[in-house]
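*Asks:* My file is target-v2.pdb. It has PDB, N, CA, C and O atoms, pLDDT in the B column:
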```pdb
ATOM      1  N   MET A   1     -10.416 184.292 115.772  1.00 64.00           N
ATOM      2  CA  MET A   1      -9.183 183.783 116.335  1.00 64.00           C
ATOM      3  C   MET A   1      -8.064 184.762 115.967  1.00 64.00           C
ATOM      4  O   MET A   1      -7.957 185.192 114.830  1.00 64.00           O
ATOM      5  N   ALA A   2      -7.243 185.084 116.900  1.00 77.00           N
ATOM      6  CA  ALA A   2      -6.156 186.030 116.677  1.00 77.00           C
ATOM      7  C   ALA A   2      -5.073 185.402 115.808  1.00 77.00           C
ATOM      8  O   ALA A   2      -4.922 184.180 115.760  1.00 77.00           O
ATOM      9  N   ARG A   3      -4.326 186.259 115.153  1.00 79.00           N
ATOM     10  CA  ARG A   3      -3.279 185.791 114.253  1.00 79.00           C
ATOM     11  C   ARG A   3      -2.246 184.936 114.997  1.00 79.00           C
ATOM     12  O   ARG A   3      -1.800 183.915 114.490  1.00 79.00           O
ATOM     13  N   THR A   4      -1.862 185.347 116.193  1.00 86.00           N
ATOM     14  CA  THR A   4      -0.866 184.576 116.948  1.00 86.00           C
ATOM     15  C   THR A   4      -1.413 183.197 117.319  1.00 86.00           C
ATOM     16  O   THR A   4      -0.673 182.221 117.302  1.00 86.00           O
ATOM     17  N   GLU A   5      -2.702 183.121 117.634  1.00 86.00           N
ATOM     18  CA  GLU A   5      -3.305 181.822 117.943  1.00 86.00           C
ATOM     19  C   GLU A   5      -3.300 180.924 116.709  1.00 86.00           C
ATOM     20  O   GLU A   5      -3.027 179.728 116.808  1.00 86.00           O
ATOM     21  N   THR A   6      -3.607 181.501 115.569  1.00 86.00           N
ATOM     22  CA  THR A   6      -3.612 180.737 114.326  1.00 86.00           C
ATOM     23  C   THR A   6      -2.205 180.244 114.001  1.00 86.00           C
ATOM     24  O   THR A   6      -2.020 179.083 113.628  1.00 86.00           O
ATOM     25  N   ASN A   7      -1.216 181.100 114.147  1.00 89.00           N
ATOM     26  CA  ASN A   7       0.165 180.697 113.892  1.00 89.00           C
ATOM     27  C   ASN A   7       0.595 179.586 114.832  1.00 89.00           C
ATOM     28  O   ASN A   7       1.266 178.639 114.432  1.00 89.00           O
ATOM     29  N   GLN A   8       0.224 179.692 116.096  1.00 91.00           N
ATOM     30  CA  GLN A   8       0.564 178.674 117.088  1.00 91.00           C
ATOM     31  C   GLN A   8      -0.096 177.345 116.728  1.00 91.00           C
ATOM     32  O   GLN A   8       0.522 176.291 116.835  1.00 91.00           O
ATOM     33  N   LEU A   9      -1.350 177.395 116.307  1.00 89.00           N
ATOM     34  CA  LEU A   9      -2.071 176.184 115.913  1.00 89.00           C
ATOM     35  C   LEU A   9      -1.416 175.547 114.694  1.00 89.00           C
ATOM     36  O   LEU A   9      -1.236 174.329 114.641  1.00 89.00           O
ATOM     37  N   ASN A  10      -1.025 176.354 113.719  1.00 91.00           N
ATOM     38  CA  ASN A  10      -0.354 175.840 112.529  1.00 91.00           C
ATOM     39  C   ASN A  10       0.968 175.177 112.889  1.00 91.00           C
ATOM     40  O   ASN A  10       1.291 174.097 112.383  1.00 91.00           O
ATOM     41  N   LYS A  11       1.745 175.801 113.751  1.00 93.00           N
ATOM     42  CA  LYS A  11       3.019 175.234 114.171  1.00 93.00           C
ATOM     43  C   LYS A  11       2.804 173.911 114.896  1.00 93.00           C
ATOM     44  O   LYS A  11       3.524 172.938 114.675  1.00 93.00           O
ATOM     45  N   SER A  12       1.816 173.873 115.761  1.00 93.00           N
ATOM     46  CA  SER A  12       1.517 172.670 116.516  1.00 93.00           C
ATOM     47  C   SER A  12       1.099 171.532 115.576  1.00 93.00           C
ATOM     48  O   SER A  12       1.553 170.395 115.727  1.00 93.00           O
ATOM     49  N   THR A  13       0.266 171.842 114.615  1.00 93.00           N
ATOM     50  CA  THR A  13      -0.197 170.847 113.655  1.00 93.00           C
ATOM     51  C   THR A  13       0.966 170.321 112.827  1.00 93.00           C
ATOM     52  O   THR A  13       1.090 169.112 112.610  1.00 93.00           O
ATOM     53  N   LYS A  14       1.823 171.213 112.359  1.00 93.00           N
ATOM     54  CA  LYS A  14       2.981 170.797 111.570  1.00 93.00           C
ATOM     55  C   LYS A  14       3.910 169.912 112.391  1.00 93.00           C
ATOM     56  O   LYS A  14       4.443 168.926 111.885  1.00 93.00           O
ATOM     57  N   GLN A  15       4.093 170.234 113.662  1.00 94.00           N
ATOM     58  CA  GLN A  15       4.953 169.435 114.536  1.00 94.00           C
ATOM     59  C   GLN A  15       4.364 168.042 114.748  1.00 94.00           C
ATOM     60  O   GLN A  15       5.082 167.042 114.710  1.00 94.00           O
ATOM     61  N   MET A  16       3.064 167.964 114.962  1.00 93.00           N
ATOM     62  CA  MET A  16       2.410 166.669 115.144  1.00 93.00           C
ATOM     63  C   MET A  16       2.545 165.819 113.884  1.00 93.00           C
ATOM     64  O   MET A  16       2.805 164.615 113.964  1.00 93.00           O
ATOM     65  N   LEU A  17       2.373 166.427 112.719  1.00 87.00           N
ATOM     66  CA  LEU A  17       2.500 165.707 111.460  1.00 87.00           C
ATOM     67  C   LEU A  17       3.930 165.204 111.272  1.00 87.00           C
ATOM     68  O   LEU A  17       4.151 164.061 110.870  1.00 87.00           O
ATOM     69  N   LYS A  18       4.906 166.028 111.593  1.00 89.00           N
ATOM     70  CA  LYS A  18       6.312 165.632 111.484  1.00 89.00           C
ATOM     71  C   LYS A  18       6.611 164.452 112.407  1.00 89.00           C
ATOM     72  O   LYS A  18       7.257 163.479 111.999  1.00 89.00           O
ATOM     73  N   GLU A  19       6.136 164.506 113.635  1.00 92.00           N
ATOM     74  CA  GLU A  19       6.361 163.419 114.576  1.00 92.00           C
ATOM     75  C   GLU A  19       5.709 162.123 114.102  1.00 92.00           C
ATOM     76  O   GLU A  19       6.278 161.041 114.233  1.00 92.00           O
ATOM     77  N   HIS A  20       4.517 162.237 113.536  1.00 86.00           N
ATOM     78  CA  HIS A  20       3.823 161.060 113.017  1.00 86.00           C
ATOM     79  C   HIS A  20       4.621 160.440 111.874  1.00 86.00           C
ATOM     80  O   HIS A  20       4.820 159.227 111.824  1.00 86.00           O
ATOM     81  N   ARG A  21       5.091 161.269 110.965  1.00 83.00           N
ATOM     82  CA  ARG A  21       5.865 160.757 109.831  1.00 83.00           C
ATOM     83  C   ARG A  21       7.168 160.115 110.297  1.00 83.00           C
ATOM     84  O   ARG A  21       7.609 159.127 109.719  1.00 83.00           O
ATOM     85  N   ASP A  22       7.782 160.669 111.327  1.00 87.00           N
ATOM     86  CA  ASP A  22       9.002 160.074 111.869  1.00 87.00           C
ATOM     87  C   ASP A  22       8.718 158.691 112.445  1.00 87.00           C
ATOM     88  O   ASP A  22       9.524 157.772 112.300  1.00 87.00           O
ATOM     89  N   ARG A  23       7.566 158.520 113.091  1.00 87.00           N
ATOM     90  CA  ARG A  23       7.192 157.221 113.666  1.00 87.00           C
ATOM     91  C   ARG A  23       6.886 156.199 112.579  1.00 87.00           C
ATOM     92  O   ARG A  23       7.248 155.039 112.681  1.00 87.00           O
ATOM     93  N   VAL A  24       6.191 156.637 111.545  1.00 80.00           N
ATOM     94  CA  VAL A  24       5.767 155.726 110.487  1.00 80.00           C
ATOM     95  C   VAL A  24       6.949 155.298 109.619  1.00 80.00           C
ATOM     96  O   VAL A  24       7.028 154.155 109.196  1.00 80.00           O
ATOM     97  N   GLY A  25       7.868 156.196 109.374  1.00 88.00           N
ATOM     98  CA  GLY A  25       8.994 155.886 108.504  1.00 88.00           C
ATOM     99  C   GLY A  25       8.663 156.199 107.060  1.00 88.00           C
ATOM    100  O   GLY A  25       7.832 157.056 106.761  1.00 88.00           O
ATOM    101  N   LYS A  26       9.299 155.485 106.145  1.00 90.00           N
ATOM    102  CA  LYS A  26       9.093 155.741 104.722  1.00 90.00           C
ATOM    103  C   LYS A  26       7.687 155.338 104.309  1.00 90.00           C
ATOM    104  O   LYS A  26       7.154 154.339 104.773  1.00 90.00           O
ATOM    105  N   VAL A  27       7.117 156.140 103.430  1.00 89.00           N
ATOM    106  CA  VAL A  27       5.762 155.886 102.952  1.00 89.00           C
ATOM    107  C   VAL A  27       5.730 155.973 101.432  1.00 89.00           C
ATOM    108  O   VAL A  27       6.631 156.527 100.802  1.00 89.00           O
ATOM    109  N   VAL A  28       4.697 155.400 100.859  1.00 93.00           N
ATOM    110  CA  VAL A  28       4.416 155.545  99.434  1.00 93.00           C
ATOM    111  C   VAL A  28       3.076 156.250  99.316  1.00 93.00           C
ATOM    112  O   VAL A  28       2.188 156.067 100.146  1.00 93.00           O
ATOM    113  N   GLN A  29       2.955 157.075  98.299  1.00 94.00           N
ATOM    114  CA  GLN A  29       1.686 157.738  98.046  1.00 94.00           C
ATOM    115  C   GLN A  29       0.932 156.952  96.988  1.00 94.00           C
ATOM    116  O   GLN A  29       1.495 156.602  95.950  1.00 94.00           O
ATOM    117  N   VAL A  30      -0.332 156.670  97.282  1.00 95.00           N
ATOM    118  CA  VAL A  30      -1.183 155.909  96.375  1.00 95.00           C
ATOM    119  C   VAL A  30      -2.289 156.823  95.885  1.00 95.00           C
ATOM    120  O   VAL A  30      -2.993 157.432  96.689  1.00 95.00           O
ATOM    121  N   ARG A  31      -2.436 156.915  94.592  1.00 95.00           N
ATOM    122  CA  ARG A  31      -3.469 157.765  94.002  1.00 95.00           C
ATOM    123  C   ARG A  31      -4.765 156.975  93.907  1.00 95.00           C
ATOM    124  O   ARG A  31      -4.843 155.951  93.238  1.00 95.00           O
ATOM    125  N   ILE A  32      -5.787 157.469  94.588  1.00 93.00           N
ATOM    126  CA  ILE A  32      -7.096 156.827  94.578  1.00 93.00           C
ATOM    127  C   ILE A  32      -7.946 157.417  93.457  1.00 93.00           C
ATOM    128  O   ILE A  32      -8.550 156.695  92.680  1.00 93.00           O
ATOM    129  N   THR A  33      -8.011 158.729  93.392  1.00 91.00           N
ATOM    130  CA  THR A  33      -8.695 159.453  92.314  1.00 91.00           C
ATOM    131  C   THR A  33      -7.800 160.621  91.924  1.00 91.00           C
ATOM    132  O   THR A  33      -6.716 160.808  92.476  1.00 91.00           O
ATOM    133  N   ASP A  34      -8.276 161.436  90.978  1.00 92.00           N
ATOM    134  CA  ASP A  34      -7.512 162.610  90.572  1.00 92.00           C
ATOM    135  C   ASP A  34      -7.280 163.570  91.727  1.00 92.00           C
ATOM    136  O   ASP A  34      -6.286 164.288  91.743  1.00 92.00           O
ATOM    137  N   ARG A  35      -8.182 163.571  92.694  1.00 91.00           N
ATOM    138  CA  ARG A  35      -8.087 164.523  93.808  1.00 91.00           C
ATOM    139  C   ARG A  35      -7.723 163.881  95.135  1.00 91.00           C
ATOM    140  O   ARG A  35      -7.594 164.572  96.136  1.00 91.00           O
ATOM    141  N   THR A  36      -7.550 162.565  95.157  1.00 93.00           N
ATOM    142  CA  THR A  36      -7.310 161.870  96.425  1.00 93.00           C
ATOM    143  C   THR A  36      -6.075 160.993  96.353  1.00 93.00           C
ATOM    144  O   THR A  36      -5.967 160.135  95.477  1.00 93.00           O
ATOM    145  N   THR A  37      -5.160 161.221  97.279  1.00 94.00           N
ATOM    146  CA  THR A  37      -4.019 160.322  97.454  1.00 94.00           C
ATOM    147  C   THR A  37      -3.945 159.961  98.938  1.00 94.00           C
ATOM    148  O   THR A  37      -4.349 160.741  99.794  1.00 94.00           O
ATOM    149  N   ILE A  38      -3.443 158.767  99.205  1.00 94.00           N
ATOM    150  CA  ILE A  38      -3.248 158.345 100.588  1.00 94.00           C
ATOM    151  C   ILE A  38      -1.801 157.896 100.734  1.00 94.00           C
ATOM    152  O   ILE A  38      -1.160 157.501  99.760  1.00 94.00           O
ATOM    153  N   GLU A  39      -1.289 157.971 101.943  1.00 91.00           N
ATOM    154  CA  GLU A  39       0.055 157.503 102.235  1.00 91.00           C
ATOM    155  C   GLU A  39      -0.034 156.203 103.009  1.00 91.00           C
ATOM    156  O   GLU A  39      -0.801 156.095 103.967  1.00 91.00           O
ATOM    157  N   LEU A  40       0.752 155.232 102.562  1.00 93.00           N
ATOM    158  CA  LEU A  40       0.804 153.940 103.225  1.00 93.00           C
ATOM    159  C   LEU A  40       2.265 153.599 103.508  1.00 93.00           C
ATOM    160  O   LEU A  40       3.157 154.044 102.774  1.00 93.00           O
ATOM    161  N   PRO A  41       2.532 152.805 104.546  1.00 90.00           N
ATOM    162  CA  PRO A  41       3.921 152.427 104.847  1.00 90.00           C
ATOM    163  C   PRO A  41       4.574 151.735 103.649  1.00 90.00           C
ATOM    164  O   PRO A  41       3.964 150.894 102.984  1.00 90.00           O
ATOM    165  N   ALA A  42       5.822 152.092 103.374  1.00 92.00           N
ATOM    166  CA  ALA A  42       6.531 151.565 102.208  1.00 92.00           C
ATOM    167  C   ALA A  42       6.873 150.086 102.354  1.00 92.00           C
ATOM    168  O   ALA A  42       7.069 149.398 101.355  1.00 92.00           O
ATOM    169  N   GLY A  43       6.937 149.577 103.554  1.00 90.00           N
ATOM    170  CA  GLY A  43       7.349 148.194 103.775  1.00 90.00           C
ATOM    171  C   GLY A  43       6.265 147.153 103.574  1.00 90.00           C
ATOM    172  O   GLY A  43       6.515 145.969 103.777  1.00 90.00           O
ATOM    173  N   LEU A  44       5.082 147.558 103.168  1.00 93.00           N
ATOM    174  CA  LEU A  44       3.992 146.600 102.993  1.00 93.00           C
ATOM    175  C   LEU A  44       4.165 145.801 101.711  1.00 93.00           C
ATOM    176  O   LEU A  44       4.686 146.303 100.714  1.00 93.00           O
ATOM    177  N   SER A  45       3.698 144.554 101.730  1.00 96.00           N
ATOM    178  CA  SER A  45       3.704 143.747 100.509  1.00 96.00           C
ATOM    179  C   SER A  45       2.597 144.253  99.581  1.00 96.00           C
ATOM    180  O   SER A  45       1.712 145.011  99.994  1.00 96.00           O
ATOM    181  N   GLN A  46       2.642 143.809  98.337  1.00 96.00           N
ATOM    182  CA  GLN A  46       1.624 144.238  97.373  1.00 96.00           C
ATOM    183  C   GLN A  46       0.228 143.809  97.827  1.00 96.00           C
ATOM    184  O   GLN A  46      -0.736 144.560  97.674  1.00 96.00           O
ATOM    185  N   GLU A  47       0.123 142.634  98.423  1.00 98.00           N
ATOM    186  CA  GLU A  47      -1.176 142.146  98.898  1.00 98.00           C
ATOM    187  C   GLU A  47      -1.706 143.037 100.026  1.00 98.00           C
ATOM    188  O   GLU A  47      -2.899 143.350 100.074  1.00 98.00           O
ATOM    189  N   GLU A  48      -0.812 143.452 100.934  1.00 97.00           N
ATOM    190  CA  GLU A  48      -1.213 144.328 102.035  1.00 97.00           C
ATOM    191  C   GLU A  48      -1.619 145.702 101.512  1.00 97.00           C
ATOM    192  O   GLU A  48      -2.603 146.292 101.982  1.00 97.00           O
ATOM    193  N   LEU A  49      -0.870 146.215 100.530  1.00 96.00           N
ATOM    194  CA  LEU A  49      -1.233 147.504  99.919  1.00 96.00           C
ATOM    195  C   LEU A  49      -2.617 147.417  99.284  1.00 96.00           C
ATOM    196  O   LEU A  49      -3.462 148.289  99.490  1.00 96.00           O
ATOM    197  N   ASP A  50      -2.829 146.351  98.501  1.00 97.00           N
ATOM    198  CA  ASP A  50      -4.126 146.178  97.839  1.00 97.00           C
ATOM    199  C   ASP A  50      -5.260 146.098  98.849  1.00 97.00           C
ATOM    200  O   ASP A  50      -6.323 146.694  98.649  1.00 97.00           O
ATOM    201  N   ALA A  51      -5.040 145.390  99.951  1.00 97.00           N
ATOM    202  CA  ALA A  51      -6.076 145.248 100.974  1.00 97.00           C
ATOM    203  C   ALA A  51      -6.387 146.604 101.612  1.00 97.00           C
ATOM    204  O   ALA A  51      -7.561 146.946 101.832  1.00 97.00           O
ATOM    205  N   ARG A  52      -5.351 147.391 101.907  1.00 96.00           N
ATOM    206  CA  ARG A  52      -5.581 148.710 102.511  1.00 96.00           C
ATOM    207  C   ARG A  52      -6.275 149.657 101.548  1.00 96.00           C
ATOM    208  O   ARG A  52      -7.119 150.458 101.953  1.00 96.00           O
ATOM    209  N   ILE A  53      -5.924 149.578 100.273  1.00 96.00           N
ATOM    210  CA  ILE A  53      -6.577 150.427  99.270  1.00 96.00           C
ATOM    211  C   ILE A  53      -8.054 150.071  99.169  1.00 96.00           C
ATOM    212  O   ILE A  53      -8.916 150.949  99.149  1.00 96.00           O
ATOM    213  N   GLU A  54      -8.357 148.781  99.111  1.00 96.00           N
ATOM    214  CA  GLU A  54      -9.757 148.351  99.047  1.00 96.00           C
ATOM    215  C   GLU A  54     -10.511 148.757 100.301  1.00 96.00           C
ATOM    216  O   GLU A  54     -11.665 149.174 100.230  1.00 96.00           O
ATOM    217  N   HIS A  55      -9.868 148.664 101.451  1.00 96.00           N
ATOM    218  CA  HIS A  55     -10.507 149.081 102.698  1.00 96.00           C
ATOM    219  C   HIS A  55     -10.805 150.573 102.657  1.00 96.00           C
ATOM    220  O   HIS A  55     -11.901 151.011 103.033  1.00 96.00           O
ATOM    221  N   TYR A  56      -9.855 151.374 102.194  1.00 95.00           N
ATOM    222  CA  TYR A  56     -10.065 152.823 102.086  1.00 95.00           C
ATOM    223  C   TYR A  56     -11.253 153.106 101.165  1.00 95.00           C
ATOM    224  O   TYR A  56     -12.130 153.897 101.501  1.00 95.00           O
ATOM    225  N   LYS A  57     -11.283 152.446 100.021  1.00 94.00           N
ATOM    226  CA  LYS A  57     -12.370 152.678  99.062  1.00 94.00           C
ATOM    227  C   LYS A  57     -13.720 152.290  99.648  1.00 94.00           C
ATOM    228  O   LYS A  57     -14.714 153.004  99.443  1.00 94.00           O
ATOM    229  N   SER A  58     -13.763 151.200 100.399  1.00 94.00           N
ATOM    230  CA  SER A  58     -15.039 150.771 100.977  1.00 94.00           C
ATOM    231  C   SER A  58     -15.507 151.739 102.072  1.00 94.00           C
ATOM    232  O   SER A  58     -16.699 151.917 102.274  1.00 94.00           O
ATOM    233  N   MET A  59     -14.566 152.364 102.780  1.00 93.00           N
ATOM    234  CA  MET A  59     -14.927 153.293 103.846  1.00 93.00           C
ATOM    235  C   MET A  59     -15.291 154.680 103.315  1.00 93.00           C
ATOM    236  O   MET A  59     -15.914 155.463 104.020  1.00 93.00           O
ATOM    237  N   HIS A  60     -14.878 155.005 102.102  1.00 90.00           N
ATOM    238  CA  HIS A  60     -15.087 156.344 101.556  1.00 90.00           C
ATOM    239  C   HIS A  60     -15.799 156.307 100.206  1.00 90.00           C
ATOM    240  O   HIS A  60     -15.474 157.070  99.303  1.00 90.00           O
ATOM    241  N   LYS A  61     -16.775 155.438 100.071  1.00 85.00           N
ATOM    242  CA  LYS A  61     -17.486 155.281  98.802  1.00 85.00           C
ATOM    243  C   LYS A  61     -18.085 156.583  98.284  1.00 85.00           C
ATOM    244  O   LYS A  61     -18.097 156.849  97.089  1.00 85.00           O
ATOM    245  N   SER A  62     -18.565 157.421  99.182  1.00 74.00           N
ATOM    246  CA  SER A  62     -19.223 158.660  98.743  1.00 74.00           C
ATOM    247  C   SER A  62     -18.240 159.656  98.135  1.00 74.00           C
ATOM    248  O   SER A  62     -18.632 160.558  97.407  1.00 74.00           O
ATOM    249  N   LYS A  63     -16.939 159.499  98.418  1.00 67.00           N
ATOM    250  CA  LYS A  63     -15.938 160.441  97.920  1.00 67.00           C
ATOM    251  C   LYS A  63     -15.258 159.939  96.653  1.00 67.00           C
ATOM    252  O   LYS A  63     -14.479 160.646  96.045  1.00 67.00           O
ATOM    253  N   ILE A  64     -15.527 158.698  96.276  1.00 65.00           N
ATOM    254  CA  ILE A  64     -14.854 158.109  95.115  1.00 65.00           C
ATOM    255  C   ILE A  64     -15.776 158.032  93.936  1.00 65.00           C
ATOM    256  O   ILE A  64     -16.903 157.774  94.006  1.00 65.00           O
TER     257      ILE A  64
END
```
Translate this file's structure into structure tokens.

*Replies:*
Amino acid sequence: MARTETNQLNKSTKQMLKEHRDRVGKVVQVRITDRTTIELPAGLSQEELDARIEHYKSMHKSKI
């Protein structure tokens, strides 16, 4: 892949990530393991956060 193509892909990816974060709004980072963190919407209740964390852990058992 040419350097200009790689740069274009990086810019596109960064733009998509920025747009996603703008849609989601404020987030909190949750540490799952020493090497894994996930971002969840800041407006969730503690029960909703706990449920999403447990769901993440159940879906990614091989990585935890």

*Asks:* Give me every strand (DSSP E) residue in chain A, going by DSSP on the backbone, as a CSV table (one decimal) with N, CA, C and O atoms, in the coordinates of the input.

*Replies:*
```
chain,number,residue,atom,x,y,z
A,27,VAL,N,7.1,156.1,103.4
A,27,VAL,CA,5.8,155.9,103.0
A,27,VAL,C,5.7,156.0,101.4
A,27,VAL,O,6.6,156.5,100.8
A,28,VAL,N,4.7,155.4,100.9
A,28,VAL,CA,4.4,155.5,99.4
A,28,VAL,C,3.1,156.2,99.3
A,28,VAL,O,2.2,156.1,100.1
A,29,GLN,N,3.0,157.1,98.3
A,29,GLN,CA,1.7,157.7,98.0
A,29,GLN,C,0.9,157.0,97.0
A,29,GLN,O,1.5,156.6,96.0
A,30,VAL,N,-0.3,156.7,97.3
A,30,VAL,CA,-1.2,155.9,96.4
A,30,VAL,C,-2.3,156.8,95.9
A,30,VAL,O,-3.0,157.4,96.7
A,31,ARG,N,-2.4,156.9,94.6
A,31,ARG,CA,-3.5,157.8,94.0
A,31,ARG,C,-4.8,157.0,93.9
A,31,ARG,O,-4.8,156.0,93.2
A,37,THR,N,-5.2,161.2,97.3
A,37,THR,CA,-4.0,160.3,97.5
A,37,THR,C,-3.9,160.0,98.9
A,37,THR,O,-4.3,160.7,99.8
A,38,ILE,N,-3.4,158.8,99.2
A,38,ILE,CA,-3.2,158.3,100.6
A,38,ILE,C,-1.8,157.9,100.7
A,38,ILE,O,-1.2,157.5,99.8
A,39,GLU,N,-1.3,158.0,101.9
A,39,GLU,CA,0.1,157.5,102.2
A,39,GLU,C,0.0,156.2,103.0
A,39,GLU,O,-0.8,156.1,104.0
A,40,LEU,N,0.8,155.2,102.6
A,40,LEU,CA,0.8,153.9,103.2
A,40,LEU,C,2.3,153.6,103.5
A,40,LEU,O,3.2,154.0,102.8
A,41,PRO,N,2.5,152.8,104.5
A,41,PRO,CA,3.9,152.4,104.8
A,41,PRO,C,4.6,151.7,103.6
A,41,PRO,O,4.0,150.9,103.0
```

*Asks:* When you count only C-alpha atoms, which of these residues is closest to Gly43 in chain A: A:Met59, A:Val24, A:Leu9, A:Val30?

*Replies:*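 Smallest distance to Gly43 in chain A is found for A:Val24.
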
*Asks:* Separation of atom N of Pro41 in chain A and atom N of Lys14 in chain A, in Å?

*Replies:*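 Atom-to-atom, atom N of Pro41 in chain A to atom N of Lys14 in chain A, that is 20.0 Å.
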
*Asks:* Applying 6 Å and only N, CA, C and O atoms, which residues near Val27 in chain A remain after dropping the ones on its own chain fewer than 2 positions away? List them as a VMD selection string.

*Replies:* chain A and resid 25 29 39 to 42

*Asks:* For atom C of Ala2 in chain A and CA of Glu19 in chain A, quote the distance in Å rounded to one decimal.

*Replies:* 24.8 Å

*Asks:* Report, in Å to a single decimal, how far apart atom O of Arg31 in chain A and CA of Glu54 in chain A are.

*Replies:*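 These atoms are spaced 10.8 Å apart.
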
*Asks:* Range 21-33 of chain A, all listed atoms, 3 Å padding on each side: what axis-aligned box centre and edge lengths in Å to one decimal come out, as JSON?

*Replies:*
```
{"center_x": 0.4, "center_y": 157.7, "center_z": 102.8, "size_x": 24.2, "size_y": 13.1, "size_z": 27.7}
```

*Asks:* DSSP on the backbone: which residues in chain A end up as helix (DSSP H, G or I)? Give the answer as a count of residues only.

*Replies:* 39
